[in-house]
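Okay, target-v7.txt now, which holds compact mmCIF, C-alpha atoms and all ligand atoms:
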# COMPACT_ATOMS: atom_id res chain seq x y z
CA MET A 1 -79.50 -57.71 36.67
CA THR A 2 -76.89 -56.77 39.21
CA GLY A 3 -74.15 -54.21 39.10
CA GLU A 4 -72.90 -51.08 40.63
CA ASP A 5 -71.79 -47.66 39.46
CA PHE A 6 -68.51 -46.22 40.72
CA ASP A 7 -67.50 -42.61 40.49
CA ILE A 8 -63.85 -42.15 39.65
CA GLN A 9 -62.49 -38.75 40.39
CA VAL A 10 -59.06 -37.76 39.29
CA SER A 11 -57.66 -34.35 39.91
CA PHE A 12 -55.05 -32.64 37.79
CA ARG A 13 -52.94 -29.58 38.38
CA HIS A 14 -52.66 -27.33 35.34
CA ARG A 15 -49.48 -25.30 35.83
CA ILE A 16 -49.16 -22.24 33.61
CA ARG A 17 -46.02 -20.12 33.84
CA PHE A 18 -44.84 -16.96 32.10
CA THR A 19 -41.17 -16.16 31.84
CA ARG A 20 -38.44 -14.93 29.55
CA ASP A 21 -35.43 -16.95 28.56
CA ALA A 22 -36.28 -20.01 30.64
CA PHE A 23 -32.92 -21.68 29.94
CA SER A 24 -30.68 -18.84 31.04
CA LEU A 25 -28.77 -19.88 34.15
CA GLU A 26 -30.16 -16.99 36.19
CA ASN A 27 -33.72 -18.14 35.54
CA GLU A 28 -34.91 -20.40 38.36
CA MET A 29 -38.47 -20.89 37.18
CA LEU A 30 -37.94 -24.32 35.59
CA ALA A 31 -35.80 -25.60 38.46
CA GLY A 32 -38.66 -24.76 40.80
CA LEU A 33 -41.26 -26.28 38.52
CA LEU A 34 -39.84 -29.75 37.93
CA GLU A 35 -39.78 -32.24 40.78
CA THR A 36 -36.39 -33.83 41.15
CA ARG A 37 -37.19 -36.75 43.39
CA GLY A 38 -35.32 -39.97 42.58
CA HIS A 39 -33.69 -40.37 39.20
CA SER A 40 -35.71 -38.34 36.75
CA LYS A 41 -34.70 -37.86 33.15
CA ALA A 42 -35.67 -35.30 30.59
CA LEU A 43 -35.92 -35.57 26.84
CA VAL A 44 -36.34 -32.35 24.89
CA PHE A 45 -37.98 -32.09 21.46
CA VAL A 46 -37.49 -28.88 19.52
CA GLU A 47 -39.15 -27.93 16.27
CA GLU A 48 -36.53 -27.86 13.49
CA GLY A 49 -37.86 -24.53 12.16
CA LEU A 50 -36.63 -22.76 15.30
CA ARG A 51 -32.97 -23.62 14.78
CA SER A 52 -32.14 -20.62 12.62
CA PHE A 53 -33.86 -18.21 15.02
CA PHE A 54 -32.34 -19.68 18.19
CA PRO A 55 -29.00 -21.23 17.15
CA SER A 56 -27.67 -21.48 20.72
CA LEU A 57 -30.84 -23.00 22.19
CA GLU A 58 -29.51 -26.56 22.41
CA SER A 59 -26.32 -25.60 24.24
CA LYS A 60 -28.30 -23.37 26.61
CA ILE A 61 -30.62 -26.25 27.43
CA GLN A 62 -27.62 -28.52 28.05
CA HIS A 63 -25.95 -26.01 30.35
CA TYR A 64 -29.15 -25.37 32.21
CA PHE A 65 -29.69 -29.04 32.95
CA GLU A 66 -26.04 -29.53 33.94
CA ARG A 67 -25.91 -26.58 36.30
CA ALA A 68 -29.38 -25.87 37.55
CA LEU A 69 -31.34 -29.11 37.65
CA GLY A 70 -30.88 -32.46 39.30
CA ILE A 71 -32.41 -34.09 36.28
CA GLU A 72 -30.48 -36.00 33.65
CA LEU A 73 -30.91 -34.55 30.18
CA VAL A 74 -30.84 -37.59 27.89
CA GLY A 75 -31.25 -35.84 24.56
CA VAL A 76 -32.30 -32.82 22.54
CA GLU A 77 -34.05 -33.95 19.37
CA TRP A 78 -34.83 -31.59 16.52
CA LEU A 79 -37.84 -32.82 14.55
CA GLU A 80 -40.02 -31.47 11.77
CA GLY A 81 -42.83 -29.19 12.92
CA SER A 82 -45.73 -27.21 11.41
CA GLU A 83 -48.86 -28.76 9.92
CA THR A 84 -46.93 -31.27 7.79
CA ALA A 85 -45.77 -32.95 11.01
CA LYS A 86 -49.41 -33.72 11.84
CA ARG A 87 -50.28 -35.02 8.40
CA ASP A 88 -49.26 -38.63 9.10
CA GLY A 89 -47.72 -40.69 11.87
CA ARG A 90 -44.06 -40.16 10.92
CA VAL A 91 -43.04 -37.50 13.44
CA TYR A 92 -45.21 -39.15 16.08
CA GLN A 93 -43.36 -42.45 15.51
CA GLU A 94 -39.97 -40.75 15.67
CA ALA A 95 -40.87 -39.11 18.97
CA MET A 96 -42.26 -42.36 20.35
CA ALA A 97 -39.08 -44.21 19.34
CA SER A 98 -37.00 -41.66 21.26
CA ILE A 99 -39.22 -41.95 24.33
CA GLU A 100 -38.63 -45.70 24.23
CA ARG A 101 -34.90 -45.49 23.41
CA TYR A 102 -34.12 -43.11 26.25
CA HIS A 103 -36.27 -45.06 28.72
CA ILE A 104 -38.42 -42.08 29.59
CA ASP A 105 -40.64 -43.33 32.41
CA ARG A 106 -43.64 -41.87 34.14
CA HIS A 107 -41.46 -39.87 36.53
CA SER A 108 -39.39 -38.39 33.73
CA TYR A 109 -40.18 -35.40 31.56
CA VAL A 110 -40.70 -34.72 27.92
CA LEU A 111 -40.17 -31.07 27.08
CA VAL A 112 -41.52 -29.81 23.78
CA ILE A 113 -40.61 -26.47 22.21
CA GLY A 114 -42.47 -25.36 19.11
CA GLY A 115 -45.62 -24.08 17.46
CA GLY A 116 -49.11 -25.46 18.04
CA ALA A 117 -48.78 -28.21 15.45
CA PHE A 118 -45.52 -29.53 16.90
CA LEU A 119 -46.97 -29.42 20.43
CA ASP A 120 -49.92 -31.46 19.21
CA VAL A 121 -47.77 -34.24 17.73
CA ILE A 122 -45.23 -34.52 20.52
CA GLY A 123 -48.00 -34.12 23.07
CA TYR A 124 -49.75 -37.09 21.55
CA ALA A 125 -46.56 -39.18 21.76
CA ALA A 126 -46.08 -38.12 25.41
CA ALA A 127 -49.72 -38.89 26.21
CA THR A 128 -49.52 -42.39 24.75
CA GLY A 129 -45.95 -43.53 25.50
CA HIS A 130 -46.22 -45.60 28.71
CA ARG A 131 -49.87 -44.44 28.62
CA GLY A 132 -48.68 -40.98 29.47
CA VAL A 133 -45.43 -39.39 30.59
CA ARG A 134 -45.01 -35.92 32.02
CA LEU A 135 -45.11 -33.25 29.35
CA VAL A 136 -43.86 -29.68 29.66
CA ARG A 137 -44.95 -27.54 26.74
CA PHE A 138 -43.07 -24.48 25.53
CA PRO A 139 -45.33 -22.89 22.90
CA THR A 140 -43.48 -20.59 20.50
CA THR A 141 -46.20 -18.85 18.45
CA THR A 142 -48.78 -16.27 19.47
CA LEU A 143 -51.56 -18.76 18.75
CA SER A 144 -50.02 -21.54 20.78
CA GLN A 145 -49.10 -19.24 23.69
CA ASP A 146 -52.45 -17.49 23.87
CA ASP A 147 -54.66 -20.50 23.13
CA SER A 148 -53.76 -24.03 22.04
CA GLY A 149 -50.60 -24.50 24.12
CA VAL A 150 -52.40 -23.93 27.41
CA GLY A 151 -55.10 -26.43 26.43
CA VAL A 152 -55.35 -30.11 27.27
CA LYS A 153 -55.62 -31.60 23.79
CA ASN A 154 -53.16 -33.13 21.40
CA GLY A 155 -53.38 -35.12 18.21
CA ILE A 156 -52.53 -35.74 14.60
CA ASN A 157 -54.59 -35.71 11.42
CA ALA A 158 -55.95 -38.87 9.79
CA PHE A 159 -58.51 -39.90 7.15
CA GLY A 160 -58.32 -36.34 5.81
CA LYS A 161 -59.63 -35.02 9.12
CA LYS A 162 -57.77 -32.64 11.38
CA ASN A 163 -56.96 -33.95 14.86
CA PHE A 164 -58.82 -37.20 14.23
CA ILE A 165 -56.37 -39.23 16.32
CA GLY A 166 -55.45 -37.84 19.69
CA SER A 167 -56.32 -37.62 23.31
CA PHE A 168 -57.11 -35.28 26.14
CA ALA A 169 -54.19 -35.06 28.51
CA VAL A 170 -53.37 -32.34 31.00
CA PRO A 171 -49.70 -31.45 30.55
CA TYR A 172 -47.46 -31.38 33.60
CA ALA A 173 -46.87 -27.69 32.89
CA VAL A 174 -47.00 -25.04 30.19
CA VAL A 175 -44.21 -22.50 30.05
CA ASN A 176 -44.96 -19.41 27.99
CA ASP A 177 -41.45 -18.14 27.38
CA PHE A 178 -41.71 -14.69 25.81
CA GLN A 179 -38.26 -14.98 24.20
CA PHE A 180 -39.95 -17.16 21.56
CA LEU A 181 -42.79 -14.74 20.89
CA HIS A 182 -41.25 -12.16 18.61
CA THR A 183 -39.59 -14.04 15.75
CA GLN A 184 -42.64 -15.35 13.89
CA PRO A 185 -43.51 -13.60 10.62
CA ALA A 186 -45.57 -10.46 11.34
CA LYS A 187 -48.66 -11.78 9.58
CA THR A 188 -48.96 -15.02 11.57
CA ARG A 189 -48.01 -13.23 14.78
CA LEU A 190 -51.03 -10.96 14.32
CA GLU A 191 -53.31 -13.79 13.25
CA GLY A 192 -52.66 -15.61 16.50
CA LEU A 193 -54.10 -12.65 18.38
CA ILE A 194 -57.59 -13.37 17.09
CA GLU A 195 -57.84 -16.07 19.77
CA ALA A 196 -57.23 -13.35 22.38
CA VAL A 197 -60.01 -11.27 20.82
CA LYS A 198 -62.24 -14.35 20.79
CA VAL A 199 -61.71 -15.28 24.43
CA ALA A 200 -62.13 -11.65 25.49
CA LEU A 201 -65.47 -11.54 23.67
CA VAL A 202 -66.83 -14.63 25.39
CA LYS A 203 -65.23 -14.23 28.83
CA ASP A 204 -63.95 -10.77 29.66
CA GLY A 205 -65.44 -7.54 28.31
CA GLU A 206 -62.83 -5.46 30.07
CA PHE A 207 -60.09 -7.34 28.23
CA PHE A 208 -61.88 -6.63 24.96
CA CYS A 209 -61.85 -2.91 25.80
CA TRP A 210 -58.12 -3.19 26.52
CA ILE A 211 -57.53 -4.79 23.10
CA GLU A 212 -59.71 -2.13 21.50
CA SER A 213 -57.62 0.66 22.94
CA ASN A 214 -54.37 -1.11 22.03
CA THR A 215 -55.03 -2.18 18.44
CA GLU A 216 -52.43 0.25 17.14
CA GLN A 217 -49.67 -1.11 19.38
CA LEU A 218 -50.70 -4.67 18.62
CA ARG A 219 -50.78 -4.00 14.89
CA ALA A 220 -47.29 -2.49 15.19
CA LEU A 221 -46.22 -5.70 17.02
CA ASN A 222 -45.24 -3.79 20.12
CA GLU A 223 -43.67 -6.46 22.33
CA ASP A 224 -45.22 -5.33 25.61
CA ALA A 225 -48.67 -5.14 24.08
CA ILE A 226 -48.37 -8.59 22.52
CA GLU A 227 -47.10 -10.14 25.74
CA THR A 228 -49.93 -8.58 27.76
CA ALA A 229 -52.53 -9.82 25.28
CA VAL A 230 -51.00 -13.30 25.19
CA LYS A 231 -50.83 -13.57 28.96
CA ARG A 232 -54.40 -12.45 29.59
CA SER A 233 -55.69 -14.71 26.84
CA ALA A 234 -53.72 -17.74 28.05
CA LEU A 235 -55.04 -17.32 31.59
CA LEU A 236 -58.64 -16.93 30.40
CA HIS A 237 -58.34 -20.09 28.31
CA ALA A 238 -56.74 -22.03 31.15
CA ARG A 239 -59.31 -20.79 33.66
CA HIS A 240 -62.14 -21.89 31.42
CA ILE A 241 -60.60 -25.33 31.01
CA ALA A 242 -59.98 -25.72 34.74
CA GLN A 243 -63.15 -24.14 36.07
CA GLY A 244 -65.64 -24.27 33.19
CA GLY A 245 -66.85 -27.71 34.21
CA ASP A 246 -66.03 -29.56 31.00
CA PRO A 247 -62.26 -29.85 30.53
CA PHE A 248 -62.48 -32.88 28.28
CA GLU A 249 -65.32 -31.50 26.17
CA LEU A 250 -67.93 -34.09 26.94
CA GLY A 251 -70.81 -31.64 26.55
CA SER A 252 -71.93 -29.81 23.42
CA SER A 253 -71.20 -26.29 24.52
CA ARG A 254 -67.77 -25.01 23.49
CA PRO A 255 -67.45 -21.30 24.21
CA LEU A 256 -63.75 -21.27 23.33
CA ASP A 257 -64.81 -22.27 19.83
CA TYR A 258 -66.66 -19.02 19.25
CA GLY A 259 -66.68 -18.27 15.51
CA HIS A 260 -65.04 -21.61 14.81
CA TRP A 261 -67.84 -23.55 13.13
CA ALA A 262 -67.52 -21.39 10.01
CA ALA A 263 -63.76 -21.03 10.45
CA HIS A 264 -63.07 -24.76 10.34
CA LYS A 265 -65.16 -25.11 7.19
CA LEU A 266 -63.51 -22.14 5.47
CA GLU A 267 -60.05 -23.55 6.21
CA GLN A 268 -61.11 -26.81 4.62
CA LEU A 269 -62.84 -25.17 1.63
CA THR A 270 -59.68 -23.20 0.85
CA ASN A 271 -57.49 -26.25 1.30
CA PHE A 272 -55.94 -24.46 4.30
CA LYS A 273 -54.80 -21.48 2.20
CA LEU A 274 -56.85 -19.47 4.63
CA THR A 275 -54.98 -19.85 7.89
CA HIS A 276 -56.71 -20.75 11.15
CA GLY A 277 -56.31 -17.20 12.45
CA GLU A 278 -57.72 -15.60 9.30
CA ALA A 279 -60.62 -18.05 9.22
CA VAL A 280 -61.44 -17.42 12.88
CA ALA A 281 -61.38 -13.67 12.25
CA VAL A 282 -63.96 -14.12 9.49
CA GLY A 283 -66.06 -16.52 11.57
CA VAL A 284 -66.04 -14.23 14.61
CA ALA A 285 -66.96 -11.19 12.49
CA ILE A 286 -69.95 -12.89 10.85
CA ASP A 287 -71.29 -14.55 14.01
CA THR A 288 -70.97 -11.24 15.86
CA LEU A 289 -72.86 -9.30 13.20
CA TYR A 290 -75.42 -12.12 13.11
CA ALA A 291 -76.03 -11.80 16.86
CA SER A 292 -76.88 -8.16 16.36
CA LYS A 293 -79.20 -8.92 13.41
CA VAL A 294 -81.18 -11.44 15.45
CA GLY A 295 -81.44 -8.98 18.32
CA ILE A 296 -79.18 -10.70 20.87
CA LEU A 297 -76.34 -8.14 20.77
CA CYS A 298 -76.63 -4.40 20.25
CA SER A 299 -75.43 -3.29 16.83
CA GLU A 300 -72.98 -0.75 18.21
CA ALA A 301 -71.14 -3.53 20.08
CA ALA A 302 -71.06 -5.67 16.94
CA GLN A 303 -69.56 -2.81 14.96
CA ARG A 304 -66.84 -2.34 17.58
CA VAL A 305 -65.84 -5.99 17.25
CA ILE A 306 -65.68 -5.77 13.47
CA GLU A 307 -63.56 -2.63 13.68
CA VAL A 308 -61.10 -4.25 16.10
CA ILE A 309 -60.66 -7.20 13.74
CA GLN A 310 -60.05 -4.88 10.82
CA GLU A 311 -57.70 -2.65 12.77
CA LEU A 312 -55.61 -5.69 13.62
CA GLY A 313 -55.26 -6.22 9.88
CA LEU A 314 -57.37 -9.37 9.91
CA PRO A 315 -60.10 -10.24 7.40
CA VAL A 316 -63.86 -10.10 8.05
CA TRP A 317 -64.80 -11.73 4.79
CA HIS A 318 -63.30 -14.21 2.34
CA GLU A 319 -64.25 -15.17 -1.20
CA SER A 320 -64.67 -18.83 -0.20
CA LEU A 321 -67.86 -17.74 1.58
CA ASP A 322 -69.36 -17.38 -1.89
CA LEU A 323 -68.84 -21.04 -2.83
CA ARG A 324 -72.26 -22.66 -3.18
CA ASP A 325 -73.76 -26.08 -3.83
CA GLU A 326 -76.04 -26.83 -6.79
CA LYS A 327 -79.04 -25.59 -4.82
CA GLY A 328 -77.36 -22.26 -4.18
CA ARG A 329 -76.69 -22.91 -0.48
CA ARG A 330 -73.36 -21.59 0.72
CA LEU A 331 -70.94 -24.48 1.29
CA VAL A 332 -69.84 -22.91 4.56
CA PHE A 333 -73.18 -23.96 6.07
CA GLN A 334 -72.00 -27.56 5.89
CA GLY A 335 -69.76 -26.44 8.71
CA LEU A 336 -72.81 -26.35 10.98
CA GLU A 337 -73.54 -30.03 10.41
CA GLU A 338 -69.89 -30.93 10.82
CA PHE A 339 -69.64 -28.91 14.02
CA ARG A 340 -72.68 -30.69 15.42
CA GLU A 341 -71.34 -34.06 14.39
CA HIS A 342 -67.95 -33.35 15.93
CA LEU A 343 -69.45 -32.40 19.28
CA GLY A 344 -72.25 -34.93 19.17
CA GLY A 345 -75.77 -34.18 20.33
CA GLU A 346 -77.69 -31.07 19.49
CA LEU A 347 -76.20 -28.24 17.43
CA THR A 348 -74.86 -25.70 19.90
CA VAL A 349 -73.34 -22.46 18.72
CA LEU A 350 -72.30 -19.65 20.98
CA LEU A 351 -73.40 -16.12 20.11
CA LEU A 352 -72.55 -12.91 21.92
CA LYS A 353 -75.08 -11.36 24.26
CA GLN A 354 -72.72 -8.58 25.16
CA LEU A 355 -68.99 -7.97 24.94
CA GLY A 356 -67.60 -10.52 27.37
CA GLN A 357 -70.61 -12.80 27.55
CA GLY A 358 -72.07 -15.44 25.29
CA ILE A 359 -75.23 -17.46 25.04
CA ASP A 360 -75.73 -20.89 23.45
CA ILE A 361 -78.22 -21.11 20.62
CA HIS A 362 -79.31 -24.18 18.69
CA GLU A 363 -80.05 -22.98 15.20
CA ILE A 364 -78.78 -20.46 12.70
CA ASP A 365 -81.14 -18.66 10.34
CA GLU A 366 -79.25 -19.09 7.09
CA GLU A 367 -81.00 -16.22 5.34
CA ILE A 368 -79.99 -13.73 8.03
CA TRP A 369 -76.46 -15.13 8.16
CA ASP A 370 -76.35 -14.72 4.36
CA ARG A 371 -77.16 -11.05 4.70
CA CYS A 372 -74.38 -10.62 7.26
CA VAL A 373 -71.92 -12.11 4.80
CA GLU A 374 -73.05 -9.68 2.11
CA GLU A 375 -72.76 -6.72 4.47
CA LEU A 376 -69.23 -7.70 5.53
CA LYS A 377 -68.29 -8.33 1.91
CA GLY A 378 -69.28 -4.73 1.20
CA GLN A 379 -67.15 -3.46 4.09
CA ALA A 380 -64.21 -5.66 3.12
CA LEU A 381 -64.28 -4.44 -0.48
CA VAL A 382 -64.39 -0.82 0.71
CA MET A 383 -61.35 -1.50 2.90
CA HIS A 384 -59.26 -2.62 -0.09
N1 LIG A 401 -54.52 -28.81 20.77
C1 LIG A 401 -55.35 -27.80 20.67
O1 LIG A 401 -56.18 -27.57 21.56
C2 LIG A 401 -55.29 -26.89 19.50
C3 LIG A 401 -56.11 -25.75 19.45
C4 LIG A 401 -56.00 -24.87 18.37
C5 LIG A 401 -55.08 -25.16 17.36
N2 LIG A 401 -54.31 -26.29 17.45
C6 LIG A 401 -53.36 -26.63 16.39
O2 LIG A 401 -52.30 -25.71 16.37
C7 LIG A 401 -51.74 -25.71 15.05
C8 LIG A 401 -51.43 -24.30 14.64
O3 LIG A 401 -50.48 -23.80 15.51
P1 LIG A 401 -49.60 -22.51 15.18
O4 LIG A 401 -50.47 -21.41 14.75
O5 LIG A 401 -48.73 -22.33 16.34
O6 LIG A 401 -48.83 -22.90 13.87
P2 LIG A 401 -47.66 -23.96 13.54
O7 LIG A 401 -47.34 -24.82 14.69
O8 LIG A 401 -48.08 -24.63 12.29
O9 LIG A 401 -46.44 -23.01 13.27
C9 LIG A 401 -46.47 -22.11 12.18
C10 LIG A 401 -45.07 -21.83 11.65
O10 LIG A 401 -44.35 -21.02 12.56
C11 LIG A 401 -43.04 -21.54 12.76
N3 LIG A 401 -42.62 -21.09 14.08
C12 LIG A 401 -43.04 -21.58 15.28
N4 LIG A 401 -42.52 -20.84 16.27
C13 LIG A 401 -41.76 -19.88 15.70
C14 LIG A 401 -40.98 -18.82 16.22
N5 LIG A 401 -40.89 -18.58 17.53
N6 LIG A 401 -40.32 -18.03 15.34
C15 LIG A 401 -40.41 -18.23 14.01
N7 LIG A 401 -41.16 -19.21 13.47
C16 LIG A 401 -41.81 -20.03 14.31
C17 LIG A 401 -43.21 -23.01 12.57
O11 LIG A 401 -41.99 -23.61 12.20
C18 LIG A 401 -44.23 -23.08 11.45
O12 LIG A 401 -43.64 -23.00 10.21
C19 LIG A 401 -52.73 -26.41 14.17
O13 LIG A 401 -52.25 -27.69 13.85
C20 LIG A 401 -53.97 -26.54 15.04
O14 LIG A 401 -54.72 -27.68 14.74
C21 LIG A 401 -54.41 -27.15 18.49
ZN ZN A 402 -58.89 -21.45 17.23
Can you give me the file's structure in the form of structure tokens?
Amino acid sequence: MTGEDFDIQVSFRHRIRFTRDAFSLENEMLAGLLETRGHSKALVFVEEGLRSFFPSLESKIQHYFERALGIELVGVEWLEGSETAKRDGRVYQEAMASIERYHIDRHSYVLVIGGGAFLDVIGYAAATGHRGVRLVRFPTTTLSQDDSGVGVKNGINAFGKKNFIGSFAVPYAVVNDFQFLHTQPAKTRLEGLIEAVKVALVKDGEFFCWIESNTEQLRALNEDAIETAVKRSALLHARHIAQGGDPFELGSSRPLDYGHWAAHKLEQLTNFKLTHGEAVAVGVAIDTLYASKVGILCSEAAQRVIEVIQELGLPVWHESLDLRDEKGRRLVFQGLEEFREHLGGELTVLLLKQLGQGIDIHEIDEEIWDRCVEELKGQALVMH
């Protein structure tokens, strides 16, 4: 046999920016960010749900491109967003048709403004049209600004599975524009902050302490507090992706998915009535208590985490945890198998060693985890 192995190394720049009102004429951030060599075009996709909150957005974008950028704006398209946009290929096809119609090439830009679901769909169209055109994401929810929007994944759902079709693609840039951050309903705005709590727990104990001493402001949706939390969280996520050694998730260890194995299953078991943020809050609470019960984390630290979650108004328990199969095993444990299958290889779940640091483990003692659920159920019932 003959043959040879070649290493192919490709380097990406992950540009993360924070600003306010990116399309006001005084704001030069975007003009500095986009290269204007040759004849570049831009096509902007905006999630339809934003129209009533930002009625003048389209005209501001048009003025900005006319006055401040040497890039031709070919269109602003308002398309359906939220989870329904990911359910089938419709919105993806519409976006792809526009990319083709406006002749967006690999030196042109697709800008996408919307929540995490919309970014996923349009991002997938941008990653596959011409095998990838430049994408600039403008996340508009707490969850997408502090977590998913700064990531390198996109996709749509298929065969009843979330994100089954998609790709890894580093966007040209991510612009966290804080003007979009304060119009979401209060409940979902708070839920998105659980990803900041999560990344603090696995990466930055000092950030966790900051959250802990600012739960009141966060709960009251204080704008400065939310923006600080979002910014620190976004940078921690981006740093992990860029420097964690596994940007395209080829290994089995996924620290940014702390608490997510149970969360994904609970979302599914409740037919997505439990939102991602709520489910992650529950998953983080149980896995944190579990770490203390198996002697990895001190119990005082675990209690602090649970209190922070509760003080943010997020749940630590949900009735779907009590759903069981005919043998009496909680259905949520199927999430462990699904998590392993999704990552491939050995089951790898991150637990907390201390606030700000995790450790990978390879099995969960279901009896002990059961007891954690019961304990949190007790606390949750007392809270109500
Ligand atoms: N690609 C990834 O790495 C990754 C990671 C985590 C989650 N996700 C995906 O992100 C999605 C969830 O994202 P999400 O939490 O942003 O929810 P979402 O995109 O479903 O948006 C929730 C709702 O908020 C509305 N909305 C968006 N911005 C608003 C604003 N500024 N003001 C008022 N309303 C606004 C939307 O119209 C929608 O109705 C899921 O599909 C999930 O799978 C992707
Ligand atoms: Zn998440």
message: Can you pull out the residues contacting segment 211-215 of chain A? Cut-off 7 Å, using only C-alpha atoms, and skip same-chain residues under 3 positions away; I want them as number ranges by chain.
response: A: 207-208, 218-219, 308, 311-312
Put those residues in a file: C-alpha atoms, as a PDB file, keeping the file's coordinate frame.
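Here's the written file part37.pdb:
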ATOM      1  CA  PHE A 207     -60.090  -7.340  28.230  1.00  0.00           C
ATOM      2  CA  PHE A 208     -61.880  -6.630  24.960  1.00  0.00           C
ATOM      3  CA  LEU A 218     -50.700  -4.670  18.620  1.00  0.00           C
ATOM      4  CA  ARG A 219     -50.780  -4.000  14.890  1.00  0.00           C
ATOM      5  CA  VAL A 308     -61.100  -4.250  16.100  1.00  0.00           C
ATOM      6  CA  GLU A 311     -57.700  -2.650  12.770  1.00  0.00           C
ATOM      7  CA  LEU A 312     -55.610  -5.690  13.620  1.00  0.00           C
TER       8      LEU A 312
END
- request: Considering only C-alpha atoms, return as a PyMOL selection string whatever protein or nucleic-acid residues lie within 7 Å of Thr19 of chain A, sequence-local ones (same chain, fewer than 5 positions apart) excluded.
  value: chain A and resi 176-178
Within 7 Å of ligand ZN 402 (chain A): each chain A residue with its shortest pair, only C-alpha atoms and all ligand atoms, as a Markdown table:
| residue | atom | partner | partner_atom | distance |
| --- | --- | --- | --- | --- |
| A:Glu195 | CA | A:ZN402 | ZN | 6.0 |
| A:Asp257 | CA | A:ZN402 | ZN | 6.5 |
| A:His260 | CA | A:ZN402 | ZN | 6.6 |
| A:His276 | CA | A:ZN402 | ZN | 6.5 |
| A:Gly277 | CA | A:ZN402 | ZN | 6.9 |
| A:Val280 | CA | A:ZN402 | ZN | 6.5 |
Return as a compact mmCIF listing (two decimals) with C-alpha atoms, keeping the file's coordinate frame every polymer residue, whether protein, DNA or RNA, with at least one atom no more than 9 Å from an atom of ligand LIG 401 (chain A); count only C-alpha atoms and all ligand atoms.
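Result file is part.txt:
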# COMPACT_ATOMS: atom_id res chain seq x y z
CA GLU A 47 -39.15 -27.93 16.27
CA GLU A 48 -36.53 -27.86 13.49
CA GLY A 49 -37.86 -24.53 12.16
CA LEU A 50 -36.63 -22.76 15.30
CA SER A 52 -32.14 -20.62 12.62
CA PHE A 53 -33.86 -18.21 15.02
CA PHE A 54 -32.34 -19.68 18.19
CA GLU A 80 -40.02 -31.47 11.77
CA GLY A 81 -42.83 -29.19 12.92
CA SER A 82 -45.73 -27.21 11.41
CA GLU A 83 -48.86 -28.76 9.92
CA THR A 84 -46.93 -31.27 7.79
CA ALA A 85 -45.77 -32.95 11.01
CA LYS A 86 -49.41 -33.72 11.84
CA ILE A 113 -40.61 -26.47 22.21
CA GLY A 114 -42.47 -25.36 19.11
CA GLY A 115 -45.62 -24.08 17.46
CA GLY A 116 -49.11 -25.46 18.04
CA ALA A 117 -48.78 -28.21 15.45
CA PHE A 118 -45.52 -29.53 16.90
CA LEU A 119 -46.97 -29.42 20.43
CA ASP A 120 -49.92 -31.46 19.21
CA VAL A 121 -47.77 -34.24 17.73
CA GLY A 123 -48.00 -34.12 23.07
CA PRO A 139 -45.33 -22.89 22.90
CA THR A 140 -43.48 -20.59 20.50
CA THR A 141 -46.20 -18.85 18.45
CA THR A 142 -48.78 -16.27 19.47
CA LEU A 143 -51.56 -18.76 18.75
CA SER A 144 -50.02 -21.54 20.78
CA GLN A 145 -49.10 -19.24 23.69
CA ASP A 147 -54.66 -20.50 23.13
CA SER A 148 -53.76 -24.03 22.04
CA GLY A 149 -50.60 -24.50 24.12
CA VAL A 150 -52.40 -23.93 27.41
CA GLY A 151 -55.10 -26.43 26.43
CA VAL A 152 -55.35 -30.11 27.27
CA LYS A 153 -55.62 -31.60 23.79
CA ASN A 154 -53.16 -33.13 21.40
CA GLY A 155 -53.38 -35.12 18.21
CA ILE A 156 -52.53 -35.74 14.60
CA ASN A 157 -54.59 -35.71 11.42
CA LYS A 162 -57.77 -32.64 11.38
CA ASN A 163 -56.96 -33.95 14.86
CA PHE A 168 -57.11 -35.28 26.14
CA GLN A 179 -38.26 -14.98 24.20
CA PHE A 180 -39.95 -17.16 21.56
CA LEU A 181 -42.79 -14.74 20.89
CA HIS A 182 -41.25 -12.16 18.61
CA THR A 183 -39.59 -14.04 15.75
CA GLN A 184 -42.64 -15.35 13.89
CA PRO A 185 -43.51 -13.60 10.62
CA THR A 188 -48.96 -15.02 11.57
CA ARG A 189 -48.01 -13.23 14.78
CA GLU A 191 -53.31 -13.79 13.25
CA GLY A 192 -52.66 -15.61 16.50
CA THR A 275 -54.98 -19.85 7.89
CA HIS A 276 -56.71 -20.75 11.15
CA GLY A 277 -56.31 -17.20 12.45
message: One decimal, in Å: what's the spacing between atom CA of Asn27 of chain A and atom CA of Ser56 of chain A?
response: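 Atom CA of Ser56 of chain A lies at a distance of 16.4 Å from atom CA of Asn27 of chain A.
Atom to atom, atom CA of Ala238 of chain A and atom CA of Phe12 of chain A stand 12.6 Å apart.
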- request: Can you work out which one of A:Arg37, A:His362, A:His14, A:Arg20 has the shortest atom-to-atom distance to His240 of chain A, counting only C-alpha atoms?
  value: A:His14
task: May I ask which of the residues A:His107, A:Ser59, A:Ala97, A:Ala229 is the closest one to Gly38 of chain A, counting only C-alpha atoms?
output: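 Using only C-alpha atoms, the shortest distance to Gly38 of chain A belongs to A:His107.
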Write out as a PDB file with C-alpha atoms, keeping the file's coordinate frame which residues come within 7 Å of Leu266 of chain A when counting only C-alpha atoms, dropping same-chain ones fewer than 3 positions away.
ATOM      1  CA  ALA A 262     -67.520 -21.390  10.010  1.00  0.00           C
ATOM      2  CA  ALA A 263     -63.760 -21.030  10.450  1.00  0.00           C
ATOM      3  CA  LEU A 269     -62.840 -25.170   1.630  1.00  0.00           C
ATOM      4  CA  THR A 270     -59.680 -23.200   0.850  1.00  0.00           C
ATOM      5  CA  ALA A 279     -60.620 -18.050   9.220  1.00  0.00           C
ATOM      6  CA  SER A 320     -64.670 -18.830  -0.200  1.00  0.00           C
ATOM      7  CA  VAL A 332     -69.840 -22.910   4.560  1.00  0.00           C
TER       8      VAL A 332
END
